[in-house]
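**Student:** What follows is input-v6.txt; its format and atoms are compact mmCIF, C-alpha atoms.
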# COMPACT_ATOMS: atom_id res chain seq x y z
CA MET F 28 27.89 70.15 -66.59
CA VAL F 29 26.07 66.97 -65.68
CA ILE F 30 27.42 64.70 -62.99
CA ALA F 31 26.54 61.07 -63.49
CA ALA F 32 25.00 59.30 -60.52
CA ASP F 33 26.86 56.42 -58.93
CA PRO F 34 25.62 53.20 -60.51
CA LEU F 35 25.85 51.43 -57.15
CA PRO F 36 24.53 53.07 -53.95
CA ARG F 37 26.98 53.29 -51.12
CA ALA F 38 26.29 51.38 -47.94
CA THR F 39 25.07 53.69 -45.21
CA ALA F 40 25.59 51.30 -42.33
CA ARG F 41 28.06 48.58 -41.53
CA PRO F 42 26.51 45.14 -42.09
CA PRO F 43 26.08 43.11 -38.94
CA ARG F 44 28.99 40.85 -38.13
CA ALA F 45 28.58 37.25 -36.96
CA PRO F 46 24.79 37.44 -37.41
CA MET F 47 24.35 33.72 -36.70
CA VAL F 48 25.25 34.17 -33.03
CA ARG F 49 23.19 37.28 -32.29
CA HIS F 50 20.48 35.28 -30.53
CA LEU F 51 22.77 32.57 -29.15
CA GLY F 52 22.20 33.06 -25.43
CA PRO F 53 23.83 31.51 -22.35
CA HIS F 54 21.19 28.76 -22.33
CA TRP F 55 23.30 26.97 -24.96
CA TYR F 56 25.67 25.89 -22.18
CA ALA F 57 22.89 23.48 -21.18
CA THR F 58 23.81 21.35 -24.20
CA VAL F 59 27.29 20.92 -22.72
CA MET F 60 26.00 20.08 -19.25
CA GLY F 61 23.39 17.65 -20.54
CA THR F 62 25.95 15.83 -22.67
CA ALA F 63 28.68 15.66 -20.03
CA ILE F 64 26.32 14.19 -17.42
CA VAL F 65 25.50 11.27 -19.71
CA ALA F 66 29.17 10.27 -19.54
CA THR F 67 29.79 10.94 -15.83
CA ALA F 68 26.52 9.42 -14.64
CA GLY F 69 27.28 6.30 -16.67
CA ALA F 70 30.60 5.97 -14.85
CA ALA F 71 28.71 5.85 -11.54
CA LEU F 72 26.58 2.83 -12.47
CA PRO F 73 27.08 -0.37 -10.48
CA HIS F 74 27.47 -2.57 -13.58
CA ASP F 75 29.61 -1.95 -16.66
CA LEU F 76 28.14 -3.38 -19.84
CA PRO F 77 30.37 -4.27 -22.81
CA GLY F 78 31.05 -1.20 -24.92
CA LEU F 79 29.64 1.20 -22.32
CA GLY F 80 33.10 2.47 -21.38
CA THR F 81 33.93 3.38 -24.97
CA ALA F 82 30.55 5.06 -25.37
CA ARG F 83 31.11 7.11 -22.21
CA VAL F 84 34.47 8.35 -23.47
CA ALA F 85 32.95 9.27 -26.83
CA VAL F 86 30.14 11.23 -25.17
CA TRP F 87 32.58 13.02 -22.88
CA ALA F 88 34.74 13.94 -25.90
CA LEU F 89 31.60 15.31 -27.54
CA SER F 90 30.87 17.42 -24.44
CA LEU F 91 34.43 18.81 -24.56
CA ALA F 92 33.98 19.71 -28.23
CA LEU F 93 30.62 21.32 -27.47
CA LEU F 94 32.14 23.34 -24.64
CA THR F 95 34.84 24.65 -26.97
CA ALA F 96 32.30 25.51 -29.66
CA VAL F 97 29.85 27.26 -27.33
CA LEU F 98 32.62 29.23 -25.61
CA ALA F 99 33.83 30.44 -29.01
CA ALA F 100 30.30 31.31 -30.16
CA ARG F 101 29.55 33.17 -26.95
CA ALA F 102 32.82 35.11 -27.30
CA LEU F 103 31.69 36.19 -30.78
CA HIS F 104 28.31 37.11 -29.32
CA TRP F 105 29.88 39.43 -26.75
CA ALA F 106 32.33 40.87 -29.27
CA HIS F 107 29.79 41.74 -31.99
CA HIS F 108 26.40 41.91 -30.25
CA ARG F 109 27.02 43.60 -26.92
CA ASP F 110 23.61 45.25 -26.99
CA GLN F 111 21.98 41.85 -27.06
CA ALA F 112 24.35 40.49 -24.41
CA ARG F 113 23.47 43.37 -22.07
CA ALA F 114 19.79 42.80 -22.75
CA HIS F 115 20.22 39.16 -21.73
CA LEU F 116 21.75 40.26 -18.41
CA LEU F 117 18.71 42.41 -17.66
CA ASP F 118 16.14 39.83 -18.72
CA PRO F 119 14.84 37.77 -15.75
CA ALA F 120 14.11 34.88 -18.10
CA THR F 121 17.63 34.80 -19.59
CA ALA F 122 20.05 36.15 -16.98
CA PRO F 123 19.83 33.05 -14.72
CA PHE F 124 21.30 30.96 -17.54
CA TYR F 125 24.66 32.59 -16.89
CA GLY F 126 24.95 30.03 -14.10
CA CYS F 127 25.11 27.37 -16.81
CA LEU F 128 28.58 28.57 -17.84
CA SER F 129 29.99 27.51 -14.48
CA MET F 130 28.17 24.19 -14.52
CA ALA F 131 29.31 23.42 -18.07
CA LEU F 132 32.94 24.04 -17.12
CA THR F 133 32.84 21.91 -13.97
CA ALA F 134 30.79 19.13 -15.60
CA VAL F 135 33.31 18.67 -18.40
CA GLY F 136 36.20 18.99 -15.95
CA GLY F 137 34.75 16.34 -13.64
CA GLY F 138 34.19 14.07 -16.63
CA ALA F 139 37.87 14.37 -17.51
CA VAL F 140 38.85 12.60 -14.27
CA THR F 141 36.06 10.02 -14.18
CA VAL F 142 35.83 9.21 -17.90
CA GLY F 143 38.26 11.18 -20.04
CA ARG F 144 41.31 9.76 -18.26
CA ASP F 145 40.84 6.58 -20.31
CA TRP F 146 41.48 8.62 -23.45
CA ILE F 147 43.86 11.46 -22.52
CA GLY F 148 45.59 9.89 -19.52
CA LEU F 149 45.34 10.69 -15.82
CA ARG F 150 47.90 13.51 -15.77
CA ALA F 151 46.26 15.43 -18.60
CA ALA F 152 42.83 14.77 -17.09
CA LEU F 153 43.91 16.23 -13.74
CA VAL F 154 45.36 19.33 -15.39
CA LEU F 155 42.21 19.85 -17.45
CA ASP F 156 39.94 19.31 -14.47
CA SER F 157 41.98 21.66 -12.29
CA VAL F 158 41.68 24.46 -14.84
CA LEU F 159 37.99 23.91 -15.58
CA PHE F 160 37.05 23.39 -11.91
CA THR F 161 38.81 26.60 -10.84
CA ALA F 162 37.22 28.61 -13.63
CA GLY F 163 33.82 27.02 -12.95
CA ALA F 164 33.96 27.63 -9.20
CA VAL F 165 34.90 31.29 -9.63
CA THR F 166 32.28 31.99 -12.30
CA GLY F 167 29.67 30.05 -10.32
CA LEU F 168 30.18 32.12 -7.18
CA ALA F 169 30.16 35.29 -9.27
CA ALA F 170 26.89 34.28 -10.96
CA ALA F 171 25.32 33.35 -7.61
CA VAL F 172 25.85 36.96 -6.48
CA ALA F 173 25.65 39.00 -9.68
CA VAL F 174 22.51 37.51 -11.24
CA PRO F 175 20.27 37.83 -8.15
CA TYR F 176 21.62 41.35 -7.64
CA LEU F 177 20.82 42.42 -11.20
CA MET F 178 17.36 40.91 -10.90
CA SER F 179 16.71 42.55 -7.52
CA VAL F 180 17.50 46.08 -8.75
CA ARG F 181 15.53 45.71 -11.97
CA GLU F 182 12.01 47.08 -11.96
CA GLY F 183 9.03 45.38 -13.55
CA ILE F 184 9.62 41.75 -12.50
CA ARG F 185 6.23 40.17 -11.85
CA TRP F 186 5.05 37.15 -9.93
CA ASP F 187 4.39 35.38 -13.24
CA ASP F 188 8.09 35.73 -14.10
CA VAL F 189 9.08 33.30 -11.33
CA THR F 190 10.23 29.99 -12.84
CA PRO F 191 12.62 27.20 -11.80
CA VAL F 192 15.15 28.84 -14.14
CA TRP F 193 15.84 31.25 -11.26
CA LEU F 194 17.56 28.35 -9.49
CA LEU F 195 20.35 28.09 -12.08
CA PRO F 196 22.78 30.72 -10.74
CA VAL F 197 22.46 29.58 -7.12
CA VAL F 198 22.84 25.91 -8.03
CA ALA F 199 26.14 26.51 -9.84
CA PRO F 200 28.24 26.43 -6.61
CA MET F 201 26.60 23.12 -5.71
CA VAL F 202 27.93 21.54 -8.91
CA SER F 203 31.41 22.78 -8.01
CA ALA F 204 30.95 21.39 -4.49
CA ALA F 205 29.96 17.97 -5.85
CA LEU F 206 32.80 17.67 -8.38
CA GLY F 207 35.61 19.32 -6.41
CA PRO F 208 36.16 16.24 -4.20
CA LEU F 209 37.36 14.34 -7.29
CA LEU F 210 40.60 16.36 -7.04
CA VAL F 211 41.08 15.93 -3.28
CA PRO F 212 42.89 12.53 -3.36
CA HIS F 213 45.34 13.87 -5.94
CA LEU F 214 46.51 16.75 -3.72
CA PRO F 215 49.34 16.47 -1.15
CA PRO F 216 48.12 15.08 2.20
CA GLY F 217 47.32 17.49 4.99
CA GLY F 218 46.45 21.13 4.44
CA PRO F 219 45.81 21.11 0.66
CA ARG F 220 43.32 18.24 0.84
CA LYS F 221 41.56 19.68 3.87
CA ALA F 222 41.40 23.15 2.31
CA LEU F 223 39.79 21.92 -0.93
CA LEU F 224 37.32 19.70 0.92
CA PHE F 225 36.21 22.51 3.24
CA ALA F 226 36.01 24.90 0.28
CA CYS F 227 33.61 22.45 -1.36
CA VAL F 228 31.60 22.19 1.86
CA ALA F 229 31.39 25.99 1.97
CA MET F 230 30.09 26.11 -1.62
CA PHE F 231 27.61 23.39 -0.66
CA GLY F 232 26.33 25.62 2.13
CA VAL F 233 26.13 28.72 -0.09
CA SER F 234 24.07 26.90 -2.68
CA LEU F 235 21.92 24.96 -0.23
CA VAL F 236 20.76 28.01 1.73
CA ALA F 237 20.12 30.01 -1.45
CA THR F 238 18.16 27.10 -2.92
CA LEU F 239 16.06 26.78 0.24
CA LEU F 240 15.16 30.45 -0.14
CA MET F 241 14.30 30.10 -3.82
CA LEU F 242 12.36 26.82 -3.87
CA PRO F 243 9.35 28.14 -1.88
CA LEU F 244 8.96 30.89 -4.49
CA VAL F 245 8.91 28.34 -7.29
CA PHE F 246 6.44 26.06 -5.52
CA ALA F 247 4.17 28.95 -4.48
CA ARG F 248 4.20 30.32 -8.04
CA LEU F 249 3.18 26.92 -9.35
CA LEU F 250 0.30 26.56 -6.90
CA THR F 251 -1.05 30.12 -7.00
CA GLY F 252 -0.13 31.29 -10.50
CA GLY F 253 -1.26 28.30 -12.48
CA PRO F 254 0.83 26.09 -14.79
CA LEU F 255 3.84 27.49 -16.57
CA PRO F 256 3.60 28.45 -20.26
CA LEU F 257 3.91 25.37 -22.44
CA ALA F 258 7.44 26.08 -23.66
CA ARG F 259 8.68 26.66 -20.10
CA THR F 260 7.05 23.61 -18.52
CA PRO F 261 10.14 21.36 -18.90
CA ALA F 262 11.98 23.85 -16.65
CA LEU F 263 10.20 22.19 -13.72
CA PHE F 264 12.81 19.43 -14.03
CA LEU F 265 15.47 21.96 -13.01
CA VAL F 266 14.34 21.58 -9.40
CA LEU F 267 15.86 18.09 -9.50
CA GLY F 268 19.30 19.66 -10.03
CA PRO F 269 19.97 21.00 -6.53
CA LEU F 270 18.33 17.92 -4.98
CA GLY F 271 20.34 15.33 -6.88
CA GLN F 272 23.54 17.37 -6.92
CA SER F 273 23.51 18.04 -3.18
CA THR F 274 22.97 14.33 -2.51
CA THR F 275 25.91 13.61 -4.80
CA ALA F 276 28.00 16.23 -3.01
CA VAL F 277 27.56 14.84 0.51
CA GLY F 278 28.28 11.35 -0.82
CA ASN F 279 31.49 12.54 -2.45
CA PHE F 280 32.48 14.37 0.75
CA ALA F 281 32.14 11.10 2.63
CA ASP F 282 34.22 9.26 0.02
CA VAL F 283 37.28 11.50 0.34
CA ALA F 284 36.97 12.67 3.97
CA PRO F 285 38.98 9.78 5.53
CA GLY F 286 42.08 10.89 3.62
CA ALA F 287 41.55 14.59 4.19
CA VAL F 288 40.28 15.20 7.73
CA PRO F 289 40.84 13.34 11.01
CA SER F 290 38.32 11.38 13.02
CA PRO F 291 35.58 12.01 14.12
CA TYR F 292 34.96 14.47 11.28
CA SER F 293 35.59 11.86 8.60
CA GLU F 294 32.94 9.58 10.12
CA GLY F 295 30.61 12.55 10.44
CA PHE F 296 30.67 13.06 6.68
CA GLY F 297 29.55 9.45 6.26
CA VAL F 298 26.62 10.03 8.61
CA LEU F 299 25.70 13.23 6.76
CA ALA F 300 25.68 11.41 3.44
CA VAL F 301 22.92 9.11 4.66
CA LEU F 302 20.89 11.38 6.95
CA TYR F 303 20.81 14.16 4.37
CA GLY F 304 20.74 12.13 1.17
CA VAL F 305 17.89 9.73 1.91
CA PRO F 306 15.14 12.30 2.60
CA VAL F 307 16.32 14.66 -0.14
CA MET F 308 16.31 11.88 -2.71
CA GLY F 309 12.81 11.00 -1.56
CA PHE F 310 11.65 14.55 -2.27
CA ALA F 311 13.47 14.46 -5.62
CA LEU F 312 11.40 11.43 -6.65
CA LEU F 313 8.21 13.19 -5.56
CA TRP F 314 9.13 16.24 -7.65
CA LEU F 315 10.05 14.02 -10.58
CA VAL F 316 6.53 12.61 -10.65
CA LEU F 317 4.98 16.08 -10.27
CA ALA F 318 7.11 17.59 -13.03
CA THR F 319 6.42 14.63 -15.33
CA ALA F 320 2.67 15.09 -14.85
CA HIS F 321 2.96 18.76 -15.82
CA VAL F 322 5.05 17.93 -18.89
CA LEU F 323 2.60 15.26 -20.06
CA ARG F 324 -0.23 17.77 -19.65
CA ALA F 325 1.68 20.39 -21.61
CA ARG F 326 2.46 17.87 -24.32
CA ARG F 327 -1.22 17.04 -24.70
CA LEU F 328 -1.93 20.76 -25.05
CA GLY F 329 0.56 21.11 -27.90
CA MET F 330 3.95 21.76 -26.31
CA GLY F 331 6.58 21.66 -29.05
CA PHE F 332 10.34 21.38 -28.88
CA ALA F 333 12.28 24.21 -27.26
CA MET F 334 15.72 24.48 -25.69
CA THR F 335 14.02 24.07 -22.31
CA TRP F 336 13.90 20.35 -23.15
CA TRP F 337 17.55 20.16 -22.08
CA ALA F 338 16.15 20.35 -18.54
CA PHE F 339 15.33 16.66 -19.01
CA THR F 340 19.05 15.79 -19.02
CA PHE F 341 21.41 17.31 -16.47
CA PRO F 342 18.97 17.40 -13.51
CA VAL F 343 18.02 13.76 -14.06
CA GLY F 344 21.71 12.88 -14.33
CA THR F 345 22.40 14.42 -10.92
CA CYS F 346 19.75 12.12 -9.49
CA VAL F 347 21.58 9.17 -11.04
CA THR F 348 24.83 10.13 -9.32
CA GLY F 349 22.95 10.93 -6.10
CA ALA F 350 21.25 7.54 -6.08
CA GLN F 351 24.56 5.81 -6.65
CA ALA F 352 26.14 7.78 -3.80
CA LEU F 353 23.37 6.52 -1.52
CA ALA F 354 23.93 2.98 -2.77
CA ARG F 355 27.61 3.23 -1.73
CA HIS F 356 26.89 4.58 1.74
CA THR F 357 23.75 2.64 2.65
CA GLY F 358 24.56 -0.67 0.97
CA LEU F 359 20.98 -0.88 -0.31
CA ALA F 360 20.53 -2.45 -3.73
CA VAL F 361 17.36 -0.46 -4.27
CA TYR F 362 19.46 2.64 -4.90
CA ASP F 363 21.51 0.74 -7.47
CA GLY F 364 18.28 -0.12 -9.24
CA LEU F 365 17.09 3.47 -9.00
CA ALA F 366 20.35 4.72 -10.53
CA VAL F 367 20.09 2.28 -13.45
CA GLY F 368 16.43 3.14 -14.09
CA LEU F 369 17.07 6.89 -14.03
CA TYR F 370 20.09 6.45 -16.30
CA VAL F 371 17.94 4.73 -18.90
CA VAL F 372 15.57 7.70 -18.75
CA LEU F 373 18.53 10.09 -19.02
CA VAL F 374 19.99 8.43 -22.12
CA ALA F 375 16.59 8.28 -23.84
CA ALA F 376 15.91 11.94 -23.06
CA TRP F 377 19.36 13.00 -24.23
CA GLY F 378 18.95 11.15 -27.52
CA VAL F 379 15.61 12.81 -28.25
CA VAL F 380 16.72 16.30 -27.20
CA ALA F 381 20.05 16.10 -29.03
CA ALA F 382 18.32 14.99 -32.24
CA HIS F 383 15.81 17.87 -32.06
CA THR F 384 18.62 20.34 -31.33
CA ALA F 385 20.70 19.16 -34.27
CA ARG F 386 17.66 19.44 -36.53
CA GLY F 387 16.94 22.95 -35.26
CA LEU F 388 20.53 24.02 -35.83
CA LEU F 389 20.59 22.72 -39.38
CA SER F 390 17.33 24.49 -40.20
CA GLY F 391 18.46 27.70 -38.50
CA GLU F 392 15.32 27.82 -36.36
CA LEU F 393 17.16 27.68 -33.04
CA LEU F 394 19.43 30.58 -33.98
CA ALA F 395 16.60 32.82 -35.13
CA ALA F 396 15.10 35.62 -33.07
CA PRO F 397 12.94 34.14 -30.28
CA ARG F 398 9.21 34.18 -30.71
CA PRO F 399 6.92 35.27 -27.86
CA ALA F 400 6.06 32.36 -25.57
CA PRO F 401 2.41 31.26 -25.80
CA ALA F 402 0.23 32.07 -22.84
CA ALA F 403 -0.19 29.51 -20.12
CA PRO F 404 -3.25 27.29 -20.56
CA PRO F 405 -6.16 28.06 -18.24
CA ARG F 406 -6.00 26.18 -14.97
CA ALA F 407 -8.85 24.04 -13.71
CA THR F 408 -11.02 25.97 -11.24
CA GLY F 409 -13.95 23.65 -10.80
CA ARG F 410 -16.38 26.25 -12.23
CA THR F 411 -19.10 25.11 -14.58
CA THR F 412 -19.93 26.71 -17.91
CA SER F 413 -22.93 28.48 -16.41
CA ASP F 414 -20.74 29.87 -13.62
CA ALA F 415 -18.34 31.33 -16.20
CA VAL F 416 -21.19 33.06 -18.05
CA ARG F 417 -22.22 34.79 -14.87
Any chance you could put this one into structure tokens?
**Tutor:**
Amino acid sequence: MVIAADPLPRATARPPRAPMVRHLGPHWYATVMGTAIVATAGAALPHDLPGLGTARVAVWALSLALLTAVLAARALHWAHHRDQARAHLLDPATAPFYGCLSMALTAVGGGAVTVGRDWIGLRAALVLDSVLFTAGAVTGLAAAVAVPYLMSVREGIRWDDVTPVWLLPVVAPMVSAALGPLLVPHLPPGGPRKALLFACVAMFGVSLVATLLMLPLVFARLLTGGPLPLARTPALFLVLGPLGQSTTAVGNFADVAPGAVPSPYSEGFGVLAVLYGVPVMGFALLWLVLATAHVLRARRLGMGFAMTWWAFTFPVGTCVTGAQALARHTGLAVYDGLAVGLYVVLVAAWGVVAAHTARGLLSGELLAAPRPAPAAPPRATGRTTSDAVR
């Protein structure tokens, strides 16, 4: 008796589900942050041009849609590709991006009160901001502890692995600290307002001290380890984030303190906004020039588009809001001019990066498996050709 073979072979393994999101990492939350800051930073400008208000609302609505889409895609990622998700948590180059989840939530929530209220109404904006701020603050504090812990117990991390990306989880509480004061005037007077304001000040302190511990590592790595690999060079702009956001935070503390805490503490917040903000913004401008020089060098050496280009958006936007906070509390027009100039840079950068990202999504390149980063270009040592031969 002859048994006929099956004409069609049976599948021996289950086909992968949701394959498009397998390599969609937490860095995609940067698209939400970078879009939301275009709207909120525009609301902080000293002059309102015709049509700018409508454009801000449209950009904020886009950031809300992006947040919904990325949250859904990341949920699929965790549901169907847990091996990859766990690998991301153990990767020192990827794990810090989990801080971006918190910042995306709080950035969109803050935009609801400053911009989105013109579209959805104040009541709905406050509800949305309350939910997103609470979720963002909790996840930000969790990331600020969990990510450094996972990195500290992992073996094999080298000095060359240090990049400004390591700042992301510890900066997340600073974003919550800067945007939380937007809710303070809408709380009942007395204890609730004071409690939220002091909670924001506490998150400011958590992030500030952690950033002060991390920044020397980043600067020392840059000076002693040579320039970053070409694709990672834009990450140098991430240093602007804690600088601009902390300046924004102390300015926002001073704005709401008179209605939340008694004198002399309310006046003290106004003094802090100036004495802290002015020197920090000065260092932010110095770092902006340094980071720009590195990016121009990398571009000349062939740096192509990568998702790290989103570092050109949110950190610069925090400097816009920080400059405008200084303009309010110092009365100096030069900070108004600085805010406008940086906002022009922000919008131009966002337009370029968003266009490249859309093109990469349509082609599928940005959702493909990552390719190894090219090696960093050799740094100048002052040696001659004959010295190298020896």
**Student:** So, with all atoms listed in the file as the atoms that count, which of F:Ala152, F:Ala281, F:Ala385, F:Leu250 lies closest to F:Ala88?
**Tutor:**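 With all atoms listed in the file as the atom set, the closest residue is F:Ala152.
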**Student:** Would you please work out which residue, of F:Val197, F:Leu89, F:Leu257, F:Leu177, is nearest to F:Gly331 when using only C-alpha atoms?
**Tutor:**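 Of all the options, F:Leu257 lies closest to F:Gly331.
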**Student:** I'd like to know which of F:Val202, F:Ala68, F:Ala173, F:Val301 is closest to F:Leu116, using all atoms listed in the file.
**Tutor:** F:Ala173
**Student:** Tell me, as a PyMOL selection string, which residues lie within 9 Å of F:Ala63, counting all atoms listed in the file; anything in the same chain fewer than 3 positions away does not count.
**Tutor:** chain F and resi 58-60+66-68+86-91+131+134-135+137-138+341
**Student:** Of the residues F:Leu214, F:Ala82, F:Val298, F:Ala237, which is the one nearest to F:His356, using only C-alpha atoms?
**Tutor:**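 Once distances to F:His356 are computed over only C-alpha atoms, the minimum belongs to F:Val298.
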**Student:** Excluding F:Leu210 and any residue of its chain fewer than 5 positions from it, enumerate the residues within 9 Å of it, using all atoms listed in the file, and give them as a PyMOL selection string.
**Tutor:** chain F and resi 137+140+153+156-157+220+223
**Student:** Using all atoms listed in the file, which protein or nucleic acid residues come within 8 Å of F:Lys221? Drop anything in the same chain fewer than 4 positions from it, and give the result as an NGL selection string.
**Tutor:** :F and (217 or 225 or 287-288)
**Student:** Ranking F:Val245, F:Cys127, F:Val305, F:Leu132 by minimum distance to F:Leu359 and counting all atoms listed in the file, which one comes first?
**Tutor:**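 Result for the nearest residue to F:Leu359: F:Val305.
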**Student:** The residues within 9 Å of (19.0, 22.8, -20.9), using all atoms listed in the file and the coordinates of the file, should be reported as a list in words; which are they?
**Tutor:**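 Those within range, by chain then number, are His54, Trp55, Tyr56, Ala57, Thr58, Val59, Met60, Gly61, Cys127, Ala262, Leu265, Met334, Thr335, Trp336, Trp337, Ala338, Phe339, Thr340 and Phe341 of chain F.
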**Student:** What gap, in Å, lies between atom CA of F:Val372 and atom CA of F:Asp145?
**Tutor:**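 Calculated distance between atom CA of F:Val372 and atom CA of F:Asp145 is 25.3 Å.
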**Student:** With only C-alpha atoms as the basis for distance, which of F:Pro261, F:Gly309, F:Gly286, F:Gly268 is at the shortest distance from F:Met330?
**Tutor:**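 Under the stated criterion, the closest residue is F:Pro261.
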**Student:** Taking 3 positions as the minimum chain separation for residues in the same chain, which residues sit within 12 Å of F:Asn279 when counting all atoms listed in the file? Answer as JSON, numbers by chain.
**Tutor:** {"F": [71, 202, 203, 204, 205, 206, 207, 208, 209, 210, 211, 212, 224, 227, 228, 231, 272, 273, 274, 275, 276, 282, 283, 284, 285, 293, 296, 297, 299, 300, 301, 304, 348, 349, 350, 351, 352, 353, 355, 356]}
**Student:** So how many Å separate atom CA of F:Ile64 and atom CA of F:Gly271, to one decimal?
**Tutor:**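 So the answer is 12.2 Å.
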